[in-house]
>>> print(open('final18.cif').read())   # mmCIF, C-alpha atoms
data_run
#
loop_
_atom_site.label_atom_id
_atom_site.label_comp_id
_atom_site.auth_asym_id
_atom_site.auth_seq_id
_atom_site.Cartn_x
_atom_site.Cartn_y
_atom_site.Cartn_z
CA MET A 1 7.50 -12.96 -3.39
CA LEU A 2 10.11 -13.65 -0.72
CA TYR A 3 13.45 -12.04 -1.41
CA PRO A 4 16.47 -14.20 -0.55
CA SER A 5 18.93 -11.70 0.91
CA ALA A 6 22.41 -11.99 -0.57
CA ILE A 7 23.79 -9.26 1.68
CA ASN A 8 26.37 -10.50 4.18
CA THR A 9 25.08 -9.33 7.55
CA ASN A 10 27.81 -11.04 9.60
CA ARG A 11 29.68 -7.74 9.99
CA LEU A 12 26.63 -6.08 11.54
CA GLN A 13 25.85 -5.94 15.24
CA PRO A 14 24.11 -9.12 16.51
CA ILE A 15 20.95 -7.13 17.36
CA ILE A 16 20.68 -5.94 13.74
CA ARG A 17 21.03 -9.52 12.50
CA GLU A 18 18.40 -10.58 15.02
CA ILE A 19 16.01 -7.86 13.83
CA VAL A 20 16.46 -8.90 10.18
CA TRP A 21 15.88 -12.57 11.13
CA GLN A 22 12.72 -11.58 13.00
CA LYS A 23 11.51 -9.58 9.97
CA LYS A 24 11.95 -12.65 7.77
CA GLN A 25 9.70 -14.63 10.13
CA GLU A 26 7.10 -11.84 10.15
CA VAL A 27 7.13 -11.57 6.36
CA ALA A 28 6.81 -15.35 5.92
CA GLN A 29 3.82 -15.36 8.28
CA LEU A 30 2.26 -12.43 6.45
CA HIS A 31 2.57 -14.24 3.12
CA GLN A 32 0.75 -17.22 4.65
CA GLN A 33 -2.05 -15.00 5.95
CA MET A 34 -2.72 -12.89 2.86
CA SER A 35 -1.79 -12.59 -0.78
CA LEU A 36 0.00 -9.62 -2.32
CA ALA A 37 -3.20 -8.94 -4.27
CA SER A 38 -5.20 -8.63 -1.04
CA LEU A 39 -2.56 -6.30 0.37
CA GLN A 40 -2.78 -4.18 -2.76
CA ARG A 41 -6.57 -4.01 -2.41
CA GLN A 42 -6.13 -2.39 1.01
CA LEU A 43 -4.63 0.60 -0.76
CA THR A 44 -8.05 1.63 -2.09
CA ALA A 45 -8.90 2.85 1.42
CA ALA A 46 -5.51 4.47 2.06
CA PRO A 47 -5.42 8.26 2.57
CA THR A 48 -3.96 10.43 -0.19
CA VAL A 49 -0.17 10.55 -0.32
CA ARG A 50 1.33 13.80 0.96
CA ASP A 51 4.53 15.19 -0.54
CA PHE A 52 7.24 14.31 1.96
CA LEU A 53 10.09 15.68 -0.16
CA THR A 54 8.47 19.04 -0.88
CA ALA A 55 7.64 19.45 2.82
CA LEU A 56 11.37 19.14 3.59
CA GLN A 57 12.42 21.48 0.80
CA GLN A 58 9.91 24.24 1.62
CA ASN A 59 10.13 24.25 5.41
CA PRO A 60 11.21 27.67 6.80
CA TYR A 61 13.69 26.04 9.19
CA GLN A 62 16.94 24.76 7.71
CA PRO A 63 17.84 22.06 8.17
CA SER A 64 14.28 20.76 8.08
CA LEU A 65 13.38 18.51 10.97
CA ILE A 66 11.96 15.02 10.57
CA ALA A 67 10.83 14.43 14.15
CA GLU A 68 10.80 10.77 15.15
CA ILE A 69 8.25 8.91 17.25
CA GLN A 70 9.37 5.71 18.93
CA LYS A 71 8.42 4.16 22.24
CA ALA A 72 11.53 2.10 22.91
CA SER A 73 14.82 0.94 21.42
CA PRO A 74 17.00 -2.16 21.89
CA ASN A 75 19.86 0.03 23.16
CA HIS A 76 18.00 2.23 25.64
CA GLY A 77 14.80 0.37 26.51
CA MET A 78 11.65 2.41 27.18
CA ILE A 79 12.19 6.02 26.15
CA ARG A 80 9.11 7.64 27.64
CA ALA A 81 6.76 6.05 30.20
CA ASP A 82 3.74 8.24 29.38
CA PHE A 83 4.02 7.52 25.65
CA ASP A 84 1.18 9.16 23.67
CA PRO A 85 2.19 9.07 19.99
CA VAL A 86 -0.54 11.42 18.73
CA ALA A 87 0.20 14.00 21.46
CA ILE A 88 3.93 13.77 20.68
CA ALA A 89 3.25 14.21 16.95
CA LYS A 90 1.10 17.29 17.62
CA ALA A 91 3.84 18.79 19.82
CA TYR A 92 6.35 18.19 17.04
CA GLU A 93 4.07 19.95 14.57
CA ARG A 94 3.56 22.96 16.86
CA GLY A 95 7.32 23.17 17.43
CA GLY A 96 8.09 23.48 13.72
CA ALA A 97 8.87 19.97 12.46
CA ALA A 98 8.54 19.59 8.69
CA CYS A 99 7.75 15.86 8.71
CA LEU A 100 7.37 12.94 11.07
CA SER A 101 9.15 9.60 11.28
CA VAL A 102 7.19 6.76 12.89
CA VAL A 103 9.02 3.60 13.95
CA THR A 104 6.70 0.68 13.20
CA ASP A 105 8.75 -2.34 14.33
CA THR A 106 6.89 -4.10 17.14
CA SER A 107 9.31 -6.68 18.53
CA PHE A 108 12.28 -4.40 19.24
CA PHE A 109 10.92 -0.82 19.21
CA HIS A 110 7.34 -1.31 20.46
CA GLY A 111 5.95 0.42 17.37
CA SER A 112 3.18 -0.58 14.97
CA PHE A 113 1.42 0.34 11.76
CA GLU A 114 -1.59 1.15 13.97
CA ILE A 115 0.41 3.92 15.65
CA LEU A 116 1.30 5.30 12.21
CA ARG A 117 -2.36 5.11 11.15
CA ALA A 118 -3.54 6.93 14.30
CA ILE A 119 -1.04 9.74 13.77
CA ARG A 120 -1.96 10.00 10.08
CA GLN A 121 -5.59 10.58 11.03
CA ARG A 122 -4.82 13.36 13.50
CA VAL A 123 -1.71 15.22 12.28
CA PRO A 124 -1.25 16.81 8.82
CA LEU A 125 2.54 16.43 8.53
CA PRO A 126 3.90 13.91 5.98
CA ILE A 127 5.04 10.65 7.59
CA LEU A 128 8.10 8.46 7.04
CA CYS A 129 7.55 4.79 7.87
CA LYS A 130 10.70 3.75 9.77
CA GLU A 131 10.84 0.00 9.31
CA PHE A 132 13.32 -2.74 8.45
CA ILE A 133 11.98 -3.30 4.95
CA ILE A 134 12.96 -6.62 3.37
CA ASP A 135 9.86 -7.42 1.29
CA PRO A 136 7.28 -5.55 -0.86
CA CYS A 137 4.42 -6.55 1.46
CA GLN A 138 5.83 -4.22 4.13
CA ILE A 139 5.75 -1.34 1.64
CA TYR A 140 2.08 -1.98 0.90
CA LEU A 141 1.31 -2.17 4.62
CA ALA A 142 3.04 1.17 5.14
CA ARG A 143 1.04 2.84 2.36
CA ALA A 144 -2.23 1.31 3.58
CA ALA A 145 -1.52 2.78 7.05
CA GLY A 146 -0.97 6.23 5.54
CA ALA A 147 2.80 6.49 5.10
CA ASP A 148 4.07 9.10 2.63
CA ALA A 149 7.68 7.87 2.60
CA VAL A 150 9.47 4.62 3.46
CA LEU A 151 12.95 3.95 4.83
CA LEU A 152 15.23 1.53 2.98
CA ILE A 153 18.47 0.47 4.71
CA ALA A 154 21.31 -0.13 2.25
CA ALA A 155 23.23 -2.35 4.68
CA ILE A 156 20.53 -5.05 4.70
CA LEU A 157 19.40 -4.89 1.05
CA THR A 158 20.94 -6.01 -2.23
CA ASP A 159 21.09 -3.70 -5.24
CA ARG A 160 18.30 -5.68 -6.86
CA GLU A 161 16.09 -5.33 -3.80
CA LEU A 162 16.77 -1.61 -3.63
CA LYS A 163 15.84 -1.17 -7.30
CA ASP A 164 12.64 -3.22 -6.96
CA PHE A 165 11.56 -1.51 -3.73
CA LEU A 166 12.29 1.95 -5.12
CA ARG A 167 10.11 1.20 -8.14
CA ILE A 168 7.23 0.04 -5.93
CA ILE A 169 7.53 3.00 -3.53
CA HIS A 170 7.59 5.53 -6.36
CA PHE A 171 4.75 3.75 -8.19
CA LEU A 172 2.62 4.15 -5.05
CA GLY A 173 3.36 7.89 -5.04
CA MET A 174 5.60 7.78 -1.98
CA ASN A 175 9.23 8.80 -1.53
CA ALA A 176 12.04 6.47 -0.47
CA LEU A 177 14.66 7.54 2.06
CA ILE A 178 17.71 5.33 1.62
CA ALA A 179 19.95 5.06 4.69
CA VAL A 180 23.72 4.70 4.29
CA HIS A 181 26.39 4.39 6.94
CA SER A 182 29.59 4.57 4.89
CA LEU A 183 31.10 5.97 1.71
CA ALA A 184 31.00 2.51 0.11
CA GLU A 185 27.24 2.31 0.72
CA LEU A 186 26.73 5.85 -0.55
CA ASP A 187 28.59 5.02 -3.76
CA ARG A 188 26.41 1.93 -4.18
CA ILE A 189 23.27 4.03 -3.92
CA LEU A 190 24.51 6.74 -6.28
CA LYS A 191 24.63 4.14 -9.06
CA LEU A 192 20.86 3.57 -8.82
CA ASP A 193 18.26 5.47 -10.82
CA ASP A 194 15.74 8.01 -9.50
CA ILE A 195 17.32 8.59 -6.09
CA ARG A 196 15.67 11.56 -4.38
CA LEU A 197 16.45 11.23 -0.69
CA ILE A 198 19.53 9.82 1.05
CA GLU A 199 20.01 9.55 4.80
CA ILE A 200 23.51 9.52 6.23
CA ASN A 201 23.30 7.74 9.56
CA ASN A 202 26.08 8.73 11.94
CA GLN A 203 25.73 5.54 13.99
CA SER A 204 27.86 2.59 12.94
CA LEU A 205 26.01 -0.70 12.48
CA GLN A 206 29.22 -2.54 13.37
CA ASP A 207 29.74 -1.21 16.89
CA PHE A 208 26.94 1.37 17.44
CA THR A 209 29.40 4.23 17.98
CA THR A 210 28.02 7.59 16.87
CA ASP A 211 30.02 10.36 15.23
CA ILE A 212 28.49 13.25 13.28
CA SER A 213 31.73 13.56 11.35
CA THR A 214 30.32 10.66 9.31
CA THR A 215 27.94 13.14 7.66
CA GLN A 216 30.74 15.68 7.27
CA ASN A 217 33.15 13.16 5.73
CA LEU A 218 30.67 11.62 3.30
CA LEU A 219 29.47 15.02 2.13
CA ALA A 220 33.02 16.32 1.80
CA ALA A 221 33.63 13.42 -0.58
CA ARG A 222 30.37 13.47 -2.58
CA ARG A 223 28.61 16.80 -1.97
CA SER A 224 28.92 18.14 -5.53
CA HIS A 225 27.77 14.80 -6.99
CA LEU A 226 24.71 14.78 -4.73
CA GLN A 227 23.90 18.39 -5.57
CA ASN A 228 24.26 17.74 -9.30
CA LEU A 229 21.75 14.91 -9.00
CA GLY A 230 19.38 17.10 -6.96
CA ILE A 231 19.36 14.65 -4.05
CA THR A 232 18.11 15.86 -0.66
CA VAL A 233 20.43 14.72 2.13
CA VAL A 234 19.21 13.84 5.63
CA SER A 235 21.54 13.38 8.62
CA GLU A 236 20.60 11.17 11.57
CA SER A 237 22.04 10.11 14.95
CA GLY A 238 24.18 12.07 17.39
CA LEU A 239 22.26 15.31 16.80
CA TYR A 240 21.20 16.92 20.07
CA THR A 241 21.70 20.68 19.81
CA HIS A 242 21.22 23.57 17.40
CA THR A 243 25.02 23.63 17.04
CA ASP A 244 24.98 20.00 15.89
CA LEU A 245 22.36 20.89 13.28
CA SER A 246 24.47 23.83 12.11
CA LEU A 247 27.50 21.56 11.67
CA VAL A 248 25.71 19.07 9.40
CA THR A 249 23.99 21.92 7.51
CA GLU A 250 27.35 23.53 6.79
CA ALA A 251 28.53 20.14 5.54
CA GLY A 252 25.63 20.03 3.10
CA ALA A 253 22.75 18.24 4.85
CA ASN A 254 19.28 19.56 4.03
CA ALA A 255 17.35 17.85 6.83
CA VAL A 256 17.83 15.88 10.04
CA ILE A 257 16.06 13.10 11.90
CA VAL A 258 15.88 13.60 15.67
CA GLY A 259 13.60 11.74 18.04
CA GLU A 260 14.80 10.07 21.20
CA SER A 261 16.31 13.18 22.80
CA LEU A 262 13.13 15.18 22.05
CA ILE A 263 10.72 12.52 23.31
CA LYS A 264 12.48 12.49 26.68
CA GLU A 265 11.80 16.22 27.20
CA GLN A 266 8.94 17.30 29.44
CA ASP A 267 7.93 20.08 27.03
CA ILE A 268 8.44 18.54 23.59
CA GLU A 269 7.20 21.56 21.64
CA LEU A 270 9.65 23.86 23.41
CA ALA A 271 12.47 21.35 22.91
CA VAL A 272 11.78 21.30 19.15
CA ARG A 273 11.81 25.10 18.95
CA HIS A 274 15.06 25.27 20.90
CA LEU A 275 16.65 22.63 18.63
CA LEU A 276 15.61 24.46 15.45
CA THR A 277 16.37 28.03 16.53
CA GLY A 278 18.90 27.76 19.35
CA ASN A 279 16.64 30.05 21.40
CA LYS A 280 15.17 28.90 24.71
#
>>> encode(input="final18.cif", output="structure tokens")
Amino acid sequence: MLYPSAINTNRLQPIIREIVWQKKQEVAQLHQQMSLASLQRQLTAAPTVRDFLTALQQNPYQPSLIAEIQKASPNHGMIRADFDPVAIAKAYERGGAACLSVVTDTSFFHGSFEILRAIRQRVPLPILCKEFIIDPCQIYLARAAGADAVLLIAAILTDRELKDFLRIIHFLGMNALIAVHSLAELDRILKLDDIRLIEINNQSLQDFTTDISTTQNLLAARRSHLQNLGITVVSESGLYTHTDLSLVTEAGANAVIVGESLIKEQDIELAVRHLLTGNK
């Protein structure tokens, strides 16, 4: 089923609108190539789901680190020339990461579900599929590749889509990480049922400015509500140092997503340890 998006994306950066448009073309092509039933049949060969949420909650480092693997980005181009996703994932694990995030968009980030699948086969950490999800078929592809959690971006999805996608993700045994960029989006999400994980992204989708006070401000406004609901909060973007992690932890974040700055390091394992502990 193709979801007609009722979200007004005109306020978003042109590159975000372009990515969403590209996703609609990919999804339409996918629906022509295979039925939802055939996608669902692929799940019989999928590896067992690992508990992404528990891995974050029980990690000895706080905040827990979701270490991200991406080859390129529209803003910064190629991030690492000698890109070896499995080697990077193993370095993240040795350094103390609780979970992994794998960017699977091909057209803009040079990722793929095959990269996710390869990492799943070689590294035991739970994996978040970082994708611009606009249709259930992408969720089934993520699970078939071995994803344990899936990103949903509030800014590009209607409430109905969020509810439907949450139900599918939870039915498949995975967790959903819902990304918000503003207090208005956070309040939208808090009205939904069975929310377990929320990501506060410190990068604006309007102008791409990054400010970690976004996490601080949103948690100052809704921290007690989030805690009462038992929601785990993840902060992303603009986090480079142990001090940055301490700031968002004090604000109430339980975990962080960091990737690009770590991937650029020559010794990724050491960079992860330094980020988590502050010790060189």
>>> resolve_selection(input="final18.cif", expression="the PyMOL selection byres ((chain A and resi 171) around 12)", output="VMD selection string")
chain A and resid 49 139 to 140 143 149 164 to 170 172 to 176 194
>>> resolve_selection(input="final18.cif", expression="the PyMOL selection byres ((chain A and resi 219-229) around 9)", output="number ranges by chain")
A: 183, 186-187, 190, 195-196, 214-218, 230-233, 251-253
>>> closest_residue(input="final18.cif", among="A:Phe208, A:Ile115, A:Leu125, A:Ala145", to="Thr44 (chain A)", atoms="all atoms listed in the file")
A:Ala145
>>> atom_distance(input="final18.cif", atom1="CA of Arg50 (chain A)", atom2="CA of Tyr92 (chain A)")
17.4 Å
>>> residues_near_point(input="final18.cif", point="(3.9, 17.3, 20.7)", cutoff="12 Å", atoms="all atoms listed in the file", output="ChimeraX atom specification")
/A:67-69,83-97,100,119,122-123,259,262-273
>>> residues_around(input="final18.cif", residues="Leu205 (chain A)", least_positions_apart="2", cutoff="7 Å", atoms="all atoms listed in the file", output="JSON, numbers by chain")
{"A": [12, 13, 203, 207, 208]}
>>> closest_residue(input="final18.cif", among="A:Ile15, A:Ser112, A:Asp159, A:Leu53", to="Gln206 (chain A)", atoms="all atoms listed in the file")
A:Ile15
>>> residues_around(input="final18.cif", residues="Phe113 (chain A)", least_positions_apart="6", cutoff="12 Å", atoms="all atoms listed in the file", output="ChimeraX atom specification")
/A:70,102-106,119-120,127-131,138-147
>>> write_last_selection(input="final18.cif", atoms="C-alpha atoms", output="PDB file, in the coordinates of the input")
ATOM      1  CA  GLN A  70       9.370   5.710  18.930  1.00  0.00           C
ATOM      2  CA  VAL A 102       7.190   6.760  12.890  1.00  0.00           C
ATOM      3  CA  VAL A 103       9.020   3.600  13.950  1.00  0.00           C
ATOM      4  CA  THR A 104       6.700   0.680  13.200  1.00  0.00           C
ATOM      5  CA  ASP A 105       8.750  -2.340  14.330  1.00  0.00           C
ATOM      6  CA  THR A 106       6.890  -4.100  17.140  1.00  0.00           C
ATOM      7  CA  ILE A 119      -1.040   9.740  13.770  1.00  0.00           C
ATOM      8  CA  ARG A 120      -1.960  10.000  10.080  1.00  0.00           C
ATOM      9  CA  ILE A 127       5.040  10.650   7.590  1.00  0.00           C
ATOM     10  CA  LEU A 128       8.100   8.460   7.040  1.00  0.00           C
ATOM     11  CA  CYS A 129       7.550   4.790   7.870  1.00  0.00           C
ATOM     12  CA  LYS A 130      10.700   3.750   9.770  1.00  0.00           C
ATOM     13  CA  GLU A 131      10.840   0.000   9.310  1.00  0.00           C
ATOM     14  CA  GLN A 138       5.830  -4.220   4.130  1.00  0.00           C
ATOM     15  CA  ILE A 139       5.750  -1.340   1.640  1.00  0.00           C
ATOM     16  CA  TYR A 140       2.080  -1.980   0.900  1.00  0.00           C
ATOM     17  CA  LEU A 141       1.310  -2.170   4.620  1.00  0.00           C
ATOM     18  CA  ALA A 142       3.040   1.170   5.140  1.00  0.00           C
ATOM     19  CA  ARG A 143       1.040   2.840   2.360  1.00  0.00           C
ATOM     20  CA  ALA A 144      -2.230   1.310   3.580  1.00  0.00           C
ATOM     21  CA  ALA A 145      -1.520   2.780   7.050  1.00  0.00           C
ATOM     22  CA  GLY A 146      -0.970   6.230   5.540  1.00  0.00           C
ATOM     23  CA  ALA A 147       2.800   6.490   5.100  1.00  0.00           C
TER      24      ALA A 147
END
>>> atom_distance(input="final18.cif", atom1="CA of Ala155 (chain A)", atom2="CA of Pro74 (chain A)")
18.3 Å
>>> atom_distance(input="final18.cif", atom1="CA of Asn201 (chain A)", atom2="CA of Glu236 (chain A)")
4.8 Å
>>> axis_aligned_box(input="final18.cif", around="region 80-85 of chain A", padding_each_side="5 Å", output="AutoDock Vina command-line options")
--center_x 5.1 --center_y 7.6 --center_z 25.1 --size_x 17.9 --size_y 13.1 --size_z 20.2
>>> residues_around(input="final18.cif", residues="Ile200 (chain A)", least_positions_apart="4", cutoff="6 Å", atoms="only C-alpha atoms", output="list in words")
Ala179, Val180, His181, Thr215 and Ser235 of chain A
>>> closest_residue(input="final18.cif", among="A:Glu26, A:Glu114, A:Glu199, A:Asp135", to="Ile66 (chain A)", atoms="only C-alpha atoms")
A:Glu199
>>> build_atoms(input="final18.cif", residues="region 90-113 of chain A", atoms="N, CA, C and O atoms", output="PDB file, keeping the file's coordinate frame")
ATOM      1  N   LYS A  90       1.668  15.941  17.621  1.00  0.00           N
ATOM      2  CA  LYS A  90       1.100  17.290  17.620  1.00  0.00           C
ATOM      3  C   LYS A  90       2.089  18.302  18.194  1.00  0.00           C
ATOM      4  O   LYS A  90       2.190  19.436  17.706  1.00  0.00           O
ATOM      5  N   ALA A  91       2.821  17.900  19.230  1.00  0.00           N
ATOM      6  CA  ALA A  91       3.840  18.790  19.820  1.00  0.00           C
ATOM      7  C   ALA A  91       4.955  19.047  18.816  1.00  0.00           C
ATOM      8  O   ALA A  91       5.453  20.177  18.689  1.00  0.00           O
ATOM      9  N   TYR A  92       5.353  18.023  18.096  1.00  0.00           N
ATOM     10  CA  TYR A  92       6.350  18.190  17.040  1.00  0.00           C
ATOM     11  C   TYR A  92       5.876  19.190  15.991  1.00  0.00           C
ATOM     12  O   TYR A  92       6.632  20.063  15.552  1.00  0.00           O
ATOM     13  N   GLU A  93       4.625  19.045  15.586  1.00  0.00           N
ATOM     14  CA  GLU A  93       4.070  19.950  14.570  1.00  0.00           C
ATOM     15  C   GLU A  93       4.074  21.394  15.067  1.00  0.00           C
ATOM     16  O   GLU A  93       4.506  22.312  14.363  1.00  0.00           O
ATOM     17  N   ARG A  94       3.607  21.606  16.295  1.00  0.00           N
ATOM     18  CA  ARG A  94       3.560  22.960  16.860  1.00  0.00           C
ATOM     19  C   ARG A  94       4.962  23.555  16.978  1.00  0.00           C
ATOM     20  O   ARG A  94       5.156  24.764  16.838  1.00  0.00           O
ATOM     21  N   GLY A  95       5.949  22.693  17.246  1.00  0.00           N
ATOM     22  CA  GLY A  95       7.320  23.170  17.430  1.00  0.00           C
ATOM     23  C   GLY A  95       8.014  23.563  16.147  1.00  0.00           C
ATOM     24  O   GLY A  95       9.018  24.263  16.188  1.00  0.00           O
ATOM     25  N   GLY A  96       7.498  23.082  14.989  1.00  0.00           N
ATOM     26  CA  GLY A  96       8.090  23.480  13.720  1.00  0.00           C
ATOM     27  C   GLY A  96       8.675  22.353  12.883  1.00  0.00           C
ATOM     28  O   GLY A  96       9.370  22.604  11.892  1.00  0.00           O
ATOM     29  N   ALA A  97       8.396  21.090  13.261  1.00  0.00           N
ATOM     30  CA  ALA A  97       8.870  19.970  12.460  1.00  0.00           C
ATOM     31  C   ALA A  97       8.250  20.008  11.071  1.00  0.00           C
ATOM     32  O   ALA A  97       7.093  20.382  10.907  1.00  0.00           O
ATOM     33  N   ALA A  98       9.027  19.613  10.065  1.00  0.00           N
ATOM     34  CA  ALA A  98       8.540  19.590   8.690  1.00  0.00           C
ATOM     35  C   ALA A  98       7.797  18.298   8.386  1.00  0.00           C
ATOM     36  O   ALA A  98       6.809  18.282   7.653  1.00  0.00           O
ATOM     37  N   CYS A  99       8.310  17.191   8.936  1.00  0.00           N
ATOM     38  CA  CYS A  99       7.750  15.860   8.710  1.00  0.00           C
ATOM     39  C   CYS A  99       7.902  15.027   9.978  1.00  0.00           C
ATOM     40  O   CYS A  99       8.588  15.431  10.910  1.00  0.00           O
ATOM     41  N   LEU A 100       7.265  13.872   9.960  1.00  0.00           N
ATOM     42  CA  LEU A 100       7.370  12.940  11.070  1.00  0.00           C
ATOM     43  C   LEU A 100       8.004  11.638  10.594  1.00  0.00           C
ATOM     44  O   LEU A 100       7.881  11.260   9.434  1.00  0.00           O
ATOM     45  N   SER A 101       8.674  10.954  11.512  1.00  0.00           N
ATOM     46  CA  SER A 101       9.150   9.600  11.280  1.00  0.00           C
ATOM     47  C   SER A 101       8.515   8.724  12.359  1.00  0.00           C
ATOM     48  O   SER A 101       8.611   9.044  13.544  1.00  0.00           O
ATOM     49  N   VAL A 102       7.855   7.646  11.934  1.00  0.00           N
ATOM     50  CA  VAL A 102       7.190   6.760  12.890  1.00  0.00           C
ATOM     51  C   VAL A 102       7.820   5.374  12.801  1.00  0.00           C
ATOM     52  O   VAL A 102       7.800   4.738  11.746  1.00  0.00           O
ATOM     53  N   VAL A 103       8.399   4.914  13.899  1.00  0.00           N
ATOM     54  CA  VAL A 103       9.020   3.600  13.950  1.00  0.00           C
ATOM     55  C   VAL A 103       7.919   2.555  14.134  1.00  0.00           C
ATOM     56  O   VAL A 103       7.175   2.598  15.113  1.00  0.00           O
ATOM     57  N   THR A 104       7.824   1.620  13.182  1.00  0.00           N
ATOM     58  CA  THR A 104       6.700   0.680  13.200  1.00  0.00           C
ATOM     59  C   THR A 104       7.078  -0.736  13.644  1.00  0.00           C
ATOM     60  O   THR A 104       6.199  -1.581  13.808  1.00  0.00           O
ATOM     61  N   ASP A 105       8.360  -1.005  13.854  1.00  0.00           N
ATOM     62  CA  ASP A 105       8.750  -2.340  14.330  1.00  0.00           C
ATOM     63  C   ASP A 105       8.167  -2.590  15.713  1.00  0.00           C
ATOM     64  O   ASP A 105       8.281  -1.755  16.614  1.00  0.00           O
ATOM     65  N   THR A 106       7.550  -3.755  15.879  1.00  0.00           N
ATOM     66  CA  THR A 106       6.890  -4.100  17.140  1.00  0.00           C
ATOM     67  C   THR A 106       7.824  -4.809  18.111  1.00  0.00           C
ATOM     68  O   THR A 106       7.910  -4.449  19.291  1.00  0.00           O
ATOM     69  N   SER A 107       8.555  -5.796  17.646  1.00  0.00           N
ATOM     70  CA  SER A 107       9.310  -6.680  18.530  1.00  0.00           C
ATOM     71  C   SER A 107      10.435  -5.983  19.289  1.00  0.00           C
ATOM     72  O   SER A 107      10.701  -6.300  20.449  1.00  0.00           O
ATOM     73  N   PHE A 108      11.101  -5.020  18.644  1.00  0.00           N
ATOM     74  CA  PHE A 108      12.280  -4.400  19.240  1.00  0.00           C
ATOM     75  C   PHE A 108      12.078  -2.935  19.632  1.00  0.00           C
ATOM     76  O   PHE A 108      12.784  -2.421  20.488  1.00  0.00           O
ATOM     77  N   PHE A 109      11.122  -2.258  18.975  1.00  0.00           N
ATOM     78  CA  PHE A 109      10.920  -0.820  19.210  1.00  0.00           C
ATOM     79  C   PHE A 109       9.526  -0.478  19.747  1.00  0.00           C
ATOM     80  O   PHE A 109       9.206   0.685  19.948  1.00  0.00           O
ATOM     81  N   HIS A 110       8.695  -1.495  19.924  1.00  0.00           N
ATOM     82  CA  HIS A 110       7.340  -1.310  20.460  1.00  0.00           C
ATOM     83  C   HIS A 110       6.481  -0.388  19.591  1.00  0.00           C
ATOM     84  O   HIS A 110       5.608   0.319  20.104  1.00  0.00           O
ATOM     85  N   GLY A 111       6.754  -0.378  18.293  1.00  0.00           N
ATOM     86  CA  GLY A 111       5.950   0.420  17.370  1.00  0.00           C
ATOM     87  C   GLY A 111       4.912  -0.428  16.677  1.00  0.00           C
ATOM     88  O   GLY A 111       4.773  -1.624  16.965  1.00  0.00           O
ATOM     89  N   SER A 112       4.184   0.169  15.731  1.00  0.00           N
ATOM     90  CA  SER A 112       3.180  -0.580  14.970  1.00  0.00           C
ATOM     91  C   SER A 112       2.665   0.278  13.827  1.00  0.00           C
ATOM     92  O   SER A 112       2.766   1.505  13.851  1.00  0.00           O
ATOM     93  N   PHE A 113       2.083  -0.388  12.839  1.00  0.00           N
ATOM     94  CA  PHE A 113       1.420   0.340  11.760  1.00  0.00           C
ATOM     95  C   PHE A 113       0.162   1.032  12.282  1.00  0.00           C
ATOM     96  O   PHE A 113      -0.274   2.031  11.717  1.00  0.00           O
TER      97      PHE A 113
END
